[in-house]
Structures are given as structure tokens and as C-alpha cells.
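File shown: upload37.txt. Contents: compact mmCIF, C-alpha atoms and all ligand atoms.
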# COMPACT_ATOMS: atom_id res chain seq x y z
CA MET O 1 -104.91 -177.55 37.96
CA SER O 2 -101.87 -175.31 37.76
CA LEU O 3 -101.43 -172.86 34.87
CA ARG O 4 -98.13 -173.51 33.09
CA VAL O 5 -96.68 -170.07 32.35
CA GLY O 6 -93.81 -169.08 30.05
CA VAL O 7 -92.09 -165.73 30.65
CA ILE O 8 -90.41 -163.78 27.82
CA GLY O 9 -88.02 -161.14 29.18
CA THR O 10 -86.26 -161.85 32.46
CA GLY O 11 -85.02 -158.30 33.10
CA ALA O 12 -86.17 -156.12 35.99
CA ILE O 13 -89.93 -156.58 35.93
CA GLY O 14 -89.87 -160.10 34.44
CA ARG O 15 -87.87 -161.27 37.46
CA VAL O 16 -90.26 -159.61 39.89
CA HIS O 17 -93.25 -161.29 38.21
CA ILE O 18 -91.50 -164.68 38.28
CA GLU O 19 -90.83 -164.18 42.00
CA ARG O 20 -94.41 -163.18 42.81
CA ILE O 21 -95.96 -166.07 40.85
CA THR O 22 -93.51 -168.58 42.33
CA ASN O 23 -93.54 -167.45 45.97
CA ARG O 24 -96.73 -165.54 46.69
CA LEU O 25 -99.52 -166.34 44.26
CA THR O 26 -101.45 -169.55 43.72
CA GLY O 27 -102.59 -171.53 40.69
CA ALA O 28 -99.61 -171.08 38.37
CA ALA O 29 -96.03 -172.22 37.90
CA ILE O 30 -93.30 -170.75 35.69
CA VAL O 31 -92.33 -173.65 33.38
CA ALA O 32 -90.44 -171.76 30.64
CA VAL O 33 -88.32 -168.63 30.33
CA ASN O 34 -86.65 -166.76 27.50
CA ASP O 35 -84.50 -163.68 27.21
CA VAL O 36 -82.41 -162.37 24.33
CA SER O 37 -79.61 -162.65 26.89
CA ARG O 38 -79.69 -166.38 27.65
CA SER O 39 -77.58 -165.91 30.76
CA LEU O 40 -80.28 -163.65 32.26
CA ALA O 41 -82.91 -166.33 31.67
CA GLU O 42 -80.66 -168.98 33.23
CA LYS O 43 -79.98 -166.70 36.18
CA ALA O 44 -83.72 -166.30 36.81
CA VAL O 45 -84.13 -170.10 36.86
CA GLN O 46 -81.27 -170.38 39.32
CA ASP O 47 -82.15 -167.42 41.55
CA PHE O 48 -85.80 -168.43 42.00
CA GLY O 49 -85.16 -172.18 42.08
CA ILE O 50 -87.80 -172.84 39.42
CA ASN O 51 -88.11 -175.93 37.28
CA ALA O 52 -88.29 -174.06 33.98
CA GLU O 53 -86.95 -174.77 30.50
CA VAL O 54 -84.78 -172.01 29.02
CA PHE O 55 -85.84 -171.26 25.43
CA THR O 56 -83.54 -169.58 22.91
CA SER O 57 -86.48 -168.09 21.01
CA GLY O 58 -89.54 -166.34 22.47
CA VAL O 59 -91.71 -167.60 19.59
CA ASP O 60 -90.62 -171.21 20.27
CA LEU O 61 -91.57 -170.73 23.93
CA ILE O 62 -95.03 -169.50 22.88
CA ARG O 63 -95.54 -172.50 20.59
CA SER O 64 -94.31 -175.09 23.10
CA ASP O 65 -96.84 -177.71 24.19
CA SER O 66 -95.57 -177.38 27.75
CA VAL O 67 -96.73 -173.73 27.96
CA ASP O 68 -100.42 -172.86 28.58
CA ALA O 69 -100.10 -169.07 28.85
CA VAL O 70 -97.44 -166.41 28.27
CA ILE O 71 -96.17 -163.31 30.06
CA VAL O 72 -94.38 -160.78 27.83
CA ALA O 73 -92.01 -158.64 29.94
CA SER O 74 -89.33 -157.93 27.34
CA TRP O 75 -88.47 -154.51 25.86
CA GLY O 76 -91.43 -152.60 24.49
CA PRO O 77 -90.48 -152.85 20.77
CA THR O 78 -90.64 -156.68 20.99
CA HIS O 79 -94.17 -156.87 22.45
CA GLU O 80 -96.15 -156.73 19.20
CA GLU O 81 -94.40 -159.74 17.65
CA PHE O 82 -94.81 -161.88 20.78
CA VAL O 83 -98.45 -160.94 21.40
CA LEU O 84 -99.34 -161.68 17.76
CA ALA O 85 -97.54 -165.04 18.01
CA ALA O 86 -99.50 -165.90 21.19
CA ILE O 87 -102.80 -165.03 19.47
CA ALA O 88 -101.79 -167.16 16.47
CA ALA O 89 -101.05 -170.05 18.86
CA GLY O 90 -104.43 -169.52 20.61
CA LYS O 91 -102.70 -168.88 23.97
CA PRO O 92 -103.63 -166.34 26.65
CA VAL O 93 -100.98 -163.63 26.93
CA PHE O 94 -100.30 -161.05 29.62
CA CYS O 95 -98.31 -158.21 28.03
CA GLU O 96 -96.55 -155.59 30.12
CA LYS O 97 -97.23 -152.07 28.87
CA PRO O 98 -96.92 -150.91 26.13
CA LEU O 99 -99.02 -153.38 24.14
CA ALA O 100 -97.02 -152.17 21.11
CA VAL O 101 -94.88 -149.08 20.59
CA THR O 102 -97.19 -147.61 17.94
CA ALA O 103 -100.94 -147.18 17.81
CA GLY O 104 -100.83 -149.03 14.46
CA GLY O 105 -99.14 -151.99 16.16
CA CYS O 106 -101.83 -152.03 18.88
CA LYS O 107 -104.55 -151.92 16.20
CA ALA O 108 -102.98 -154.91 14.42
CA ILE O 109 -103.20 -156.84 17.72
CA VAL O 110 -106.84 -155.79 18.23
CA GLU O 111 -107.68 -156.98 14.71
CA ALA O 112 -105.84 -160.28 15.15
CA GLU O 113 -107.60 -160.95 18.46
CA MET O 114 -111.03 -160.17 17.02
CA ALA O 115 -110.28 -162.45 14.06
CA ALA O 116 -109.32 -165.20 16.52
CA GLY O 117 -112.81 -164.73 18.00
CA ARG O 118 -111.72 -165.00 21.66
CA LYS O 119 -110.19 -162.61 24.16
CA LEU O 120 -106.62 -163.72 24.80
CA VAL O 121 -104.75 -160.51 25.63
CA GLN O 122 -104.40 -158.63 28.92
CA VAL O 123 -102.25 -155.48 29.18
CA GLY O 124 -100.24 -154.68 32.33
CA PHE O 125 -102.10 -151.61 33.56
CA MET O 126 -101.95 -152.60 37.22
CA ARG O 127 -103.39 -149.43 38.71
CA ARG O 128 -106.91 -150.75 38.08
CA TYR O 129 -106.11 -153.33 40.78
CA ASP O 130 -104.96 -150.78 43.39
CA LEU O 131 -107.42 -150.70 46.30
CA ALA O 132 -107.27 -146.90 46.62
CA TYR O 133 -108.23 -146.42 42.95
CA ARG O 134 -110.96 -149.08 43.35
CA GLN O 135 -112.43 -147.21 46.33
CA LEU O 136 -112.34 -143.98 44.34
CA LYS O 137 -114.21 -145.70 41.52
CA ASP O 138 -116.80 -147.03 44.00
CA VAL O 139 -117.40 -143.45 45.19
CA ILE O 140 -118.12 -142.37 41.60
CA VAL O 141 -120.18 -145.43 40.63
CA ASN O 142 -122.29 -145.12 43.79
CA ASN O 143 -122.93 -141.43 43.07
CA ARG O 144 -121.43 -140.29 46.41
CA ILE O 145 -120.14 -136.97 44.95
CA GLY O 146 -122.54 -136.55 42.03
CA ALA O 147 -121.32 -136.44 38.45
CA PRO O 148 -117.53 -135.92 38.15
CA LEU O 149 -116.64 -132.51 36.73
CA THR O 150 -112.87 -132.12 37.03
CA LEU O 151 -109.89 -134.31 37.98
CA ASN O 152 -106.60 -133.01 39.38
CA CYS O 153 -103.88 -135.64 39.26
CA ALA O 154 -100.13 -135.91 39.77
CA HIS O 155 -97.58 -138.53 38.77
CA ARG O 156 -94.34 -137.68 40.58
CA ALA O 157 -91.23 -139.82 40.78
CA PRO O 158 -87.92 -139.01 42.51
CA ALA O 159 -85.88 -139.43 39.32
CA ALA O 160 -86.16 -141.03 35.90
CA PRO O 161 -82.79 -142.55 34.98
CA GLY O 162 -82.66 -143.54 31.33
CA PHE O 163 -85.61 -141.36 30.34
CA ALA O 164 -85.23 -139.63 26.99
CA GLY O 165 -87.48 -137.68 24.63
CA ASP O 166 -91.15 -137.97 25.52
CA MET O 167 -90.94 -140.98 27.85
CA ALA O 168 -92.62 -139.08 30.67
CA ILE O 169 -95.72 -139.22 28.46
CA THR O 170 -95.23 -142.51 26.59
CA ASP O 171 -93.75 -144.59 29.42
CA SER O 172 -95.08 -143.15 32.70
CA CYS O 173 -98.26 -141.16 32.07
CA VAL O 174 -99.73 -144.05 30.12
CA HIS O 175 -100.77 -145.41 33.52
CA GLU O 176 -102.90 -142.28 34.11
CA PHE O 177 -104.31 -142.49 30.56
CA ASP O 178 -105.55 -146.00 31.30
CA VAL O 179 -106.70 -145.70 34.89
CA LEU O 180 -108.54 -142.38 34.50
CA ARG O 181 -110.75 -143.50 31.61
CA TRP O 182 -111.48 -146.69 33.59
CA LEU O 183 -112.29 -144.59 36.66
CA LEU O 184 -114.71 -142.38 34.74
CA ALA O 185 -115.98 -145.02 32.28
CA ASP O 186 -115.46 -142.33 29.66
CA ASP O 187 -113.16 -141.70 26.71
CA TYR O 188 -110.93 -138.78 25.82
CA VAL O 189 -111.69 -136.37 23.00
CA SER O 190 -108.79 -133.90 23.19
CA ALA O 191 -105.38 -133.23 24.71
CA GLN O 192 -103.29 -130.16 25.46
CA VAL O 193 -99.81 -130.18 26.98
CA ILE O 194 -98.45 -127.21 28.90
CA LEU O 195 -94.71 -126.91 29.42
CA PRO O 196 -93.93 -125.15 32.71
CA ARG O 197 -90.55 -123.87 33.86
CA LYS O 198 -88.11 -126.82 33.67
CA THR O 199 -86.47 -128.28 36.73
CA SER O 200 -82.71 -127.78 36.75
CA LEU O 201 -82.32 -131.18 38.41
CA CYS O 202 -82.40 -133.40 35.33
CA ASP O 203 -80.81 -133.79 31.90
CA GLU O 204 -81.14 -130.37 30.27
CA GLN O 205 -82.48 -131.97 27.06
CA LEU O 206 -85.56 -133.14 28.94
CA GLN O 207 -88.76 -131.23 29.59
CA ASP O 208 -89.88 -131.90 33.16
CA PRO O 209 -92.53 -131.30 34.46
CA HIS O 210 -95.39 -131.45 31.94
CA VAL O 211 -99.00 -130.50 32.62
CA ILE O 212 -101.27 -132.69 30.51
CA GLN O 213 -104.88 -131.65 30.08
CA LEU O 214 -107.46 -134.06 28.75
CA ARG O 215 -111.13 -133.59 28.00
CA THR O 216 -113.57 -136.48 27.96
CA ARG O 217 -116.67 -137.14 25.86
CA SER O 218 -118.92 -136.15 28.77
CA GLY O 219 -116.91 -132.91 29.24
CA VAL O 220 -114.83 -133.84 32.32
CA HIS O 221 -111.61 -131.77 32.43
CA ILE O 222 -108.51 -133.66 33.61
CA SER O 223 -105.22 -132.07 34.61
CA ILE O 224 -102.17 -134.30 35.22
CA GLU O 225 -98.92 -132.90 36.58
CA SER O 226 -96.24 -135.29 35.37
CA PHE O 227 -93.00 -134.61 37.25
CA VAL O 228 -90.56 -137.50 36.98
CA ASN O 229 -87.56 -135.84 38.66
CA ALA O 230 -89.44 -134.56 41.70
CA GLN O 231 -86.68 -135.68 44.11
CA TYR O 232 -88.82 -136.03 47.24
CA GLY O 233 -90.65 -139.29 46.56
CA TYR O 234 -92.99 -141.37 44.39
CA ASP O 235 -96.29 -139.64 44.80
CA ILE O 236 -99.42 -140.50 42.84
CA ARG O 237 -102.42 -138.23 43.37
CA CYS O 238 -105.93 -138.03 42.05
CA GLN O 239 -108.69 -135.73 43.22
CA VAL O 240 -112.14 -135.90 41.67
CA THR O 241 -114.42 -132.89 42.03
CA GLY O 242 -118.05 -133.82 41.60
CA GLU O 243 -121.34 -131.91 41.69
CA THR O 244 -121.82 -132.50 45.43
CA GLY O 245 -118.38 -133.30 46.84
CA ILE O 246 -114.76 -134.19 46.25
CA ALA O 247 -112.90 -137.48 46.61
CA HIS O 248 -109.14 -138.03 46.87
CA LEU O 249 -107.09 -141.12 46.15
CA ALA O 250 -106.08 -142.44 49.59
CA GLN O 251 -102.37 -142.17 50.30
CA PRO O 252 -100.35 -145.25 51.26
CA ILE O 253 -100.64 -146.14 54.94
CA SER O 254 -97.78 -144.87 57.11
CA VAL O 255 -97.14 -143.80 60.69
CA THR O 256 -97.28 -140.12 61.63
CA LEU O 257 -94.55 -139.31 64.11
CA GLN O 258 -94.53 -136.27 66.41
CA THR O 259 -91.15 -135.63 67.98
CA ALA O 260 -88.67 -132.81 68.57
CA ALA O 261 -91.30 -130.20 67.70
CA THR O 262 -91.95 -131.74 64.28
CA GLU O 263 -94.57 -133.95 62.69
CA GLN O 264 -93.38 -136.38 60.03
CA SER O 265 -94.45 -139.40 58.03
CA ALA O 266 -92.48 -141.35 55.46
CA ILE O 267 -93.13 -141.02 51.72
CA ILE O 268 -92.63 -144.01 49.43
CA VAL O 269 -89.88 -143.46 46.87
CA ASP O 270 -90.28 -146.57 44.74
CA TRP O 271 -93.15 -147.25 42.29
CA GLN O 272 -92.86 -150.99 42.88
CA GLU O 273 -93.47 -150.55 46.60
CA ARG O 274 -96.42 -148.21 45.96
CA PHE O 275 -98.11 -150.71 43.65
CA VAL O 276 -96.89 -154.06 44.99
CA ASP O 277 -100.37 -155.12 46.16
CA ALA O 278 -101.88 -154.01 42.86
CA PHE O 279 -99.35 -156.11 40.90
CA ASP O 280 -100.12 -159.14 43.10
CA ARG O 281 -103.88 -158.72 42.62
CA GLU O 282 -103.44 -158.11 38.88
CA PHE O 283 -101.56 -161.39 38.39
CA GLN O 284 -103.74 -163.45 40.75
CA CYS O 285 -106.82 -162.27 38.81
CA TRP O 286 -105.11 -163.04 35.48
CA ILE O 287 -104.22 -166.57 36.66
CA ASN O 288 -107.73 -167.21 38.03
CA ASP O 289 -109.42 -165.82 34.89
CA THR O 290 -107.11 -167.73 32.56
CA LEU O 291 -107.80 -171.01 34.37
CA LYS O 292 -111.53 -170.33 33.87
CA GLY O 293 -111.00 -169.51 30.17
CA GLU O 294 -111.86 -165.84 30.78
CA MET O 295 -110.04 -162.54 30.20
CA ASN O 296 -111.43 -159.68 32.30
CA GLY O 297 -108.47 -157.32 32.78
CA PRO O 298 -107.33 -154.34 30.68
CA SER O 299 -107.79 -155.45 27.09
CA ALA O 300 -105.96 -155.03 23.80
CA TRP O 301 -108.51 -152.31 23.02
CA ASP O 302 -107.50 -150.49 26.22
CA GLY O 303 -103.86 -150.78 25.11
CA TYR O 304 -104.80 -149.28 21.73
CA VAL O 305 -106.74 -146.37 23.28
CA VAL O 306 -103.80 -145.53 25.53
CA ALA O 307 -101.42 -145.53 22.54
CA VAL O 308 -103.71 -143.17 20.57
CA THR O 309 -103.96 -140.90 23.64
CA ALA O 310 -100.16 -140.85 24.12
CA ASP O 311 -99.67 -139.98 20.42
CA ALA O 312 -102.12 -137.07 20.72
CA CYS O 313 -100.34 -135.81 23.85
CA VAL O 314 -96.94 -135.91 22.15
CA LYS O 315 -98.40 -134.07 19.15
CA ALA O 316 -99.95 -131.47 21.49
CA LYS O 317 -96.64 -131.04 23.33
CA TYR O 318 -94.92 -129.88 20.13
CA SER O 319 -97.81 -128.03 18.50
CA GLY O 320 -98.86 -126.15 21.64
CA LEU O 321 -102.43 -126.68 20.43
CA ILE O 322 -105.43 -128.59 21.68
CA GLU O 323 -105.23 -131.79 19.63
CA ALA O 324 -108.17 -134.08 18.91
CA ILE O 325 -108.12 -137.66 20.14
CA SER O 326 -109.98 -139.56 17.45
CA LEU O 327 -111.11 -143.02 18.38
CA PRO O 328 -113.50 -145.31 16.58
CA GLU O 329 -116.48 -146.65 18.56
CA THR O 330 -115.46 -149.48 20.89
CA PRO O 331 -116.04 -152.72 18.96
CA ALA O 332 -118.79 -154.91 20.47
CA PHE O 333 -116.10 -157.56 21.02
CA TYR O 334 -114.54 -155.30 23.71
CA ALA O 335 -117.63 -153.53 25.06
P1 LIG O 401 -85.46 -154.47 31.34
O1 LIG O 401 -84.63 -153.81 30.33
O2 LIG O 401 -84.95 -154.59 32.74
O3 LIG O 401 -85.86 -155.95 30.87
C1 LIG O 401 -86.26 -156.23 29.56
C2 LIG O 401 -85.66 -157.57 29.17
O4 LIG O 401 -86.12 -157.90 27.86
C3 LIG O 401 -84.14 -157.57 29.14
O5 LIG O 401 -83.64 -158.59 29.99
C4 LIG O 401 -83.82 -157.85 27.66
O6 LIG O 401 -82.65 -158.62 27.49
C5 LIG O 401 -85.08 -158.60 27.23
N1 LIG O 401 -85.30 -158.64 25.79
C6 LIG O 401 -85.11 -157.65 24.88
N2 LIG O 401 -85.41 -158.08 23.64
C7 LIG O 401 -85.82 -159.35 23.76
C8 LIG O 401 -86.27 -160.32 22.85
N3 LIG O 401 -86.36 -160.06 21.53
N4 LIG O 401 -86.61 -161.53 23.32
C9 LIG O 401 -86.53 -161.81 24.65
N5 LIG O 401 -86.10 -160.93 25.57
C10 LIG O 401 -85.75 -159.72 25.13
O7 LIG O 401 -86.86 -153.68 31.33
P2 LIG O 401 -88.03 -153.73 32.41
O8 LIG O 401 -87.91 -152.55 33.29
O9 LIG O 401 -88.09 -155.08 33.01
O10 LIG O 401 -89.30 -153.45 31.47
C11 LIG O 401 -89.83 -154.46 30.64
C12 LIG O 401 -91.23 -154.04 30.18
O11 LIG O 401 -92.06 -153.86 31.33
C13 LIG O 401 -91.26 -152.69 29.44
O12 LIG O 401 -92.16 -152.77 28.37
C14 LIG O 401 -91.73 -151.70 30.48
O13 LIG O 401 -92.44 -150.59 29.95
C15 LIG O 401 -92.66 -152.57 31.31
N6 LIG O 401 -92.77 -152.06 32.70
C16 LIG O 401 -94.01 -151.95 33.23
C17 LIG O 401 -94.15 -151.43 34.51
C18 LIG O 401 -95.49 -151.26 35.13
O14 LIG O 401 -95.62 -150.46 36.04
N7 LIG O 401 -96.50 -151.98 34.70
C19 LIG O 401 -93.03 -151.05 35.23
C20 LIG O 401 -91.77 -151.24 34.66
C21 LIG O 401 -91.65 -151.75 33.39
C1 LIG O 402 -92.41 -147.06 34.96
O1 LIG O 402 -92.04 -147.39 33.64
C2 LIG O 402 -93.72 -147.61 35.27
O2 LIG O 402 -94.37 -148.22 34.48
C3 LIG O 402 -94.20 -147.26 36.62
O3 LIG O 402 -95.39 -147.87 36.96
C4 LIG O 402 -94.34 -145.78 36.60
O4 LIG O 402 -95.06 -145.26 37.66
C5 LIG O 402 -92.97 -145.18 36.51
O5 LIG O 402 -93.01 -143.79 36.67
C6 LIG O 402 -92.43 -145.57 35.14
O6 LIG O 402 -91.16 -145.06 34.94
Using C-alpha cells, write down the structure from this file.
Amino acid sequence: MSLRVGVIGTGAIGRVHIERITNRLTGAAIVAVNDVSRSLAEKAVQDFGINAEVFTSGVDLIRSDSVDAVIVASWGPTHEEFVLAAIAAGKPVFCEKPLAVTAGGCKAIVEAEMAAGRKLVQVGFMRRYDLAYRQLKDVIVNNRIGAPLTLNCAHRAPAAPGFAGDMAITDSCVHEFDVLRWLLADDYVSAQVILPRKTSLCDEQLQDPHVIQLRTRSGVHISIESFVNAQYGYDIRCQVTGETGIAHLAQPISVTLQTAATEQSAIIVDWQERFVDAFDREFQCWINDTLKGEMNGPSAWDGYVVAVTADACVKAKYSGLIEAISLPETPAFYA
């Protein structure tokens, strides 16, 4: 059986997901598309040669009998409405991050899903599917370095066109907020944000870099250098110091070249290239789980926790204080 998928939002990442499901993954077909710009939806149908109906309304696509499951890849502020509509229709929904643009919106989704009595929502935190992060988690789970004590991480991108305000925290670092609590199987209790000297190589209104410090319930101290105009490449780092050893996130495979009295290796500059395998695995797992009537990926609760964490970090950025991250106990539904 093939999963009949409808995609809302055929912009940059929506197109990439349509391409991967159509050309590289198995078990699903894109049968419906929608974008507020109809011509973009039509262009996706044409460019990828898919047999998909173009819907004028995202909610009509969700309700259509020809659609089994939905991917929401439209602008962030539209996610809440579409995810709630999918829950109301009883349809599995994969929502690109953010689940909603406010923690309150995420909570409303959590409550609607619990009331529906069945897990339907997966959030697009693809780093959990990256093999390097999975190996790092195995090291921790198998007690190879003892209990984790501190984490030193970096999220560096060459440039961040279109970034404004606090997007380094609310758009980019959300990936660290999700993957690090998954890695440690722990939750955050407080956040502090340090503002170092600003790079001169970006819009002068923007603060870049940030150093974000998080503390977990078990006392692990996390430091994340977020530097989204780092020029030299897309470079994601994570080092875990444990009681008996340290473990680093493996770097992407590349050739080391020695020539003309130098040693060099290429650095990836594009986040899509860095995480292409993770995105493929994320969607193949979502398709396989959905066909089995399961939902095992990052949940609506995970989306909510990340939103609360991002809010605390933004608050800490402006207060200069250590701000509490207050989360209720994880509901049994999501445990
Ligand atoms: P984009 O602007 O290229 O595409 C968004 C599309 O949504 C546009 O085509 C726009 O016309 C459409 N849209 C807006 N309102 C709509 C509505 N009401 N109904 C239907 N379509 C509507 O943006 P993008 O880069 O593709 O990002 C889309 C989402 O994916 C964002 O939430 C972003 O945060 C997320 N994203 C996730 C990752 C990741 O690493 N997981 C990476 C990039 C983007
Ligand atoms: C982008 O929005 C993403 O989600 C990417 O995964 C991230 O690494 C990048 O820095 C963001 O801008």
C-alpha cells in the first residue's frame, strides 16, 4: 500500500521534500499540493512530474478523501491552523519546525492531540535521524564515557540572509534545543544568553554570535555557540564530556589532501547537504510508521518543549539573567 500524501507549502523545503518522497523514498506518493501562491504549487507538480491535485485551500487538502497524511511545509505562522485541522480530520501530519510560533500555540496542539486520543503529529527535527548524533547517543546510552557532565556545542552557518531579531535562537538553535535533550534524555531547567563582541560581517541590527547556556534537571551544563554569519562554512559541533571520557560528534566524511606544503579538506557550506541523509531517514521512518498506524518521531510535546526553551532563551538574552525554564511533567500520553 502506498501512503497518499498532501503537501501544504511548496516553497524551498516543501519542494525538496516532494522531490525526496517522489524520487528516493519508498511507500508514499504525493497526491495533493497547496500553496498560497497557486503558481508555486502548479510549478511543483510540473517540475517533479507528479500526478497531484492542486488545492486552493490547505484545509480542503487536509479534509480531502484522496489524502491519507499531510506534510506542512508552509510559513511558520500557518502551522498551528493546519496541524489542528489535521488532528480534527484524524490524519497523521508531519509539520516542519516550528510546530507553532508561540508556546501557547504548541500547547493547544498538544491538548488537541491528547483529546483525539491518538498520536498524529510529528515535528521536523531531523537531527535525531543523523547517524553521527545517533552514534553519540549510543556512546552515552551504553555508558562508554560515564555520566555526561558538560556539553560544548556550536551551530555555525556561513550567512543568514533574511534573519531578523532573535531568529538565530528561534529559527536555528531550536535544532540544538531538540536534539540535545533527546541526546541526554533530560530536560532543561534554566537558560542564560551571553552576548559576545558582534561580528562586523552582518546587518548591524543583529547580534551574532550568541553563547547560549542551558542547565538540565540532572545538572548537565550545556554551552552552544550560535554563529550564523561565520563565513567559512556550515559547521555543527557537539562534544560531550563524561565522567570517564569525552565524545565528539563525527564530522562529515571528506578527503584530506596534502599538496604544495599544505593539508586541506573541504567544509560543507550548506545545511541541506550536511543533513540530507537525516532528512531522508526522517521521512522514510515517518512513512513507514504512518503506514503501520504508529508515530515514533519527535512529538507535539517535543515541539512544545522547544518553544518554551526558545522563549526562555530570548527572555534571558534581554534580561542578562539566568531565566527558569518551567515545564510541566511530561504527560503519560507522550512519555
Ligand atoms: P519558503 O518561504 O521557501 O516556503 C514557504 C511556502 O509557504 C511559500 O511557498 C509560501 O507561499 C507558502 N505559504 C505561506 N502561507 C501559506 C498558506 N497559508 N497556505 C499555503 N502555503 C502558504 O520557506 P521554507 O524555507 O521552505 O520554510 C518552510 C518551513 O520549513 C518553515 O517553517 C521553516 O522553519 C521550515 N524549515 C525547516 C528546516 C529544517 O532544517 N528542518 C529547514 C528550512 C526550513
Ligand atoms: C534553518 O532554518 C534550518 O532549519 C537549518 O536546519 C538550520 O541549521 C539553519 O541554520 C536554519 O537557518
Close residues to ligand LIG 401 (chain O) using all atoms listed in the file, limit 10 Å, as JSON, numbers by chain:
{"O": [7, 8, 9, 10, 11, 12, 13, 14, 15, 16, 17, 33, 34, 35, 36, 37, 38, 39, 40, 41, 55, 56, 57, 58, 59, 72, 73, 74, 75, 76, 77, 78, 79, 81, 82, 95, 96, 97, 98, 99, 100, 101, 123, 124, 125, 126, 127, 167, 170, 171, 172, 174, 175, 271, 272, 275, 276, 278, 279]}
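Distance annotation: of O:Val269, O:Ala88, O:Ile169, O:Leu257, the residue with the minimal separation from O:Lys315 is O:Ile169; atom set is all atoms listed in the file.
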Tell me, in Å to one decimal, how far atom CA of O:Trp301 is from atom CA of O:Phe333.
9.4 Å
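Separating atom CA of O:Arg20 from atom CA of O:Gly49 is a distance of 12.9 Å.
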Can you list, as a list in words, every protein, DNA or RNA residue that comes within 12 Å of O:Ile87 when you count only C-alpha atoms, leaving out same-chain residues fewer than 5 positions away?
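In the requested format, the answer is Val59, Ile62, Arg63, Ala69, Val70, Glu80, Glu81, Phe82, Pro92, Val93, Phe94, Cys95, Ala108, Ile109, Val110, Glu111, Ala112, Glu113, Met114, Ala115, Ala116, Gly117, Arg118, Lys119, Leu120, Val121, Gln122 and Ala300 of chain O.
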Ligand LIG 402 (chain O) proximity check over O:Leu151, O:Leu184, O:Ala159, O:Ala335, using all atoms listed in the file: winner is O:Ala159
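Ranking O:Ala160, O:Met1, O:Leu84, O:Ala32 by their shortest atom-to-atom distance to ligand LIG 402 (chain O), with all atoms listed in the file included, puts O:Ala160 first.
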Write out as a ChimeraX atom specification which residues come within 9 Å of O:His210 when counting all atoms listed in the file, dropping same-chain ones fewer than 4 positions away.
/O:168-169,193-196,198,224-227,317
With distances taken over all atoms listed in the file, which residue among O:Leu61, O:Ile236, O:Val5, O:Ile71 lies nearest ligand LIG 402 (chain O)?
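Smallest distance to ligand LIG 402 (chain O) is found for O:Ile236.
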In terms of the shortest atom-to-atom distance over all atoms listed in the file, which of O:Val189, O:Val228, O:Val220, O:Ala261 is closest to ligand LIG 402 (chain O)?
O:Val228
In Å to one decimal, how far is atom CA of O:Tyr318 from atom CA of O:Ala230?
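Calculated distance between atom CA of O:Ala230 and atom CA of O:Tyr318 is 22.7 Å.
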Will you model N, CA, C and O atoms for stretch 320-335 of chain O and pass it back as a CSV table (one decimal), in the coordinates of the input?
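File selection_10.csv, as written:
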chain,number,residue,atom,x,y,z
O,320,GLY,N,-98.3,-127.2,20.7
O,320,GLY,CA,-98.9,-126.2,21.6
O,320,GLY,C,-100.4,-126.0,21.5
O,320,GLY,O,-101.0,-125.1,22.2
O,321,LEU,N,-101.0,-126.8,20.7
O,321,LEU,CA,-102.4,-126.7,20.4
O,321,LEU,C,-103.2,-127.7,21.2
O,321,LEU,O,-102.7,-128.7,21.7
O,322,ILE,N,-104.6,-127.5,21.2
O,322,ILE,CA,-105.4,-128.6,21.7
O,322,ILE,C,-105.6,-129.6,20.5
O,322,ILE,O,-106.1,-129.2,19.5
O,323,GLU,N,-105.2,-130.8,20.7
O,323,GLU,CA,-105.2,-131.8,19.6
O,323,GLU,C,-106.4,-132.8,19.9
O,323,GLU,O,-106.6,-133.2,21.0
O,324,ALA,N,-107.1,-133.1,18.8
O,324,ALA,CA,-108.2,-134.1,18.9
O,324,ALA,C,-107.6,-135.5,19.2
O,324,ALA,O,-106.6,-135.9,18.7
O,325,ILE,N,-108.4,-136.2,20.0
O,325,ILE,CA,-108.1,-137.7,20.1
O,325,ILE,C,-109.3,-138.4,19.4
O,325,ILE,O,-110.4,-138.4,19.9
O,326,SER,N,-108.9,-139.0,18.3
O,326,SER,CA,-110.0,-139.6,17.4
O,326,SER,C,-109.9,-141.1,17.6
O,326,SER,O,-109.0,-141.7,17.2
O,327,LEU,N,-111.0,-141.6,18.2
O,327,LEU,CA,-111.1,-143.0,18.4
O,327,LEU,C,-112.4,-143.5,17.7
O,327,LEU,O,-113.4,-142.9,17.8
O,328,PRO,N,-112.3,-144.7,17.1
O,328,PRO,CA,-113.5,-145.3,16.6
O,328,PRO,C,-114.4,-145.8,17.8
O,328,PRO,O,-113.9,-145.8,18.9
O,329,GLU,N,-115.6,-146.1,17.5
O,329,GLU,CA,-116.5,-146.6,18.6
O,329,GLU,C,-115.8,-147.9,19.1
O,329,GLU,O,-115.2,-148.7,18.3
O,330,THR,N,-116.0,-148.2,20.3
O,330,THR,CA,-115.5,-149.5,20.9
O,330,THR,C,-116.2,-150.7,20.2
O,330,THR,O,-117.4,-150.7,20.2
O,331,PRO,N,-115.4,-151.6,19.6
O,331,PRO,CA,-116.0,-152.7,19.0
O,331,PRO,C,-116.8,-153.5,20.0
O,331,PRO,O,-116.4,-153.6,21.2
O,332,ALA,N,-117.9,-154.1,19.6
O,332,ALA,CA,-118.8,-154.9,20.5
O,332,ALA,C,-118.0,-156.0,21.2
O,332,ALA,O,-118.2,-156.3,22.3
O,333,PHE,N,-117.0,-156.5,20.5
O,333,PHE,CA,-116.1,-157.6,21.0
O,333,PHE,C,-115.5,-157.1,22.4
O,333,PHE,O,-115.2,-157.9,23.2
O,334,TYR,N,-115.2,-155.8,22.5
O,334,TYR,CA,-114.5,-155.3,23.7
O,334,TYR,C,-115.5,-154.5,24.6
O,334,TYR,O,-115.1,-154.1,25.7
O,335,ALA,N,-116.7,-154.4,24.3
O,335,ALA,CA,-117.6,-153.5,25.1
O,335,ALA,C,-118.0,-154.2,26.4
O,335,ALA,O,-118.0,-155.4,26.5
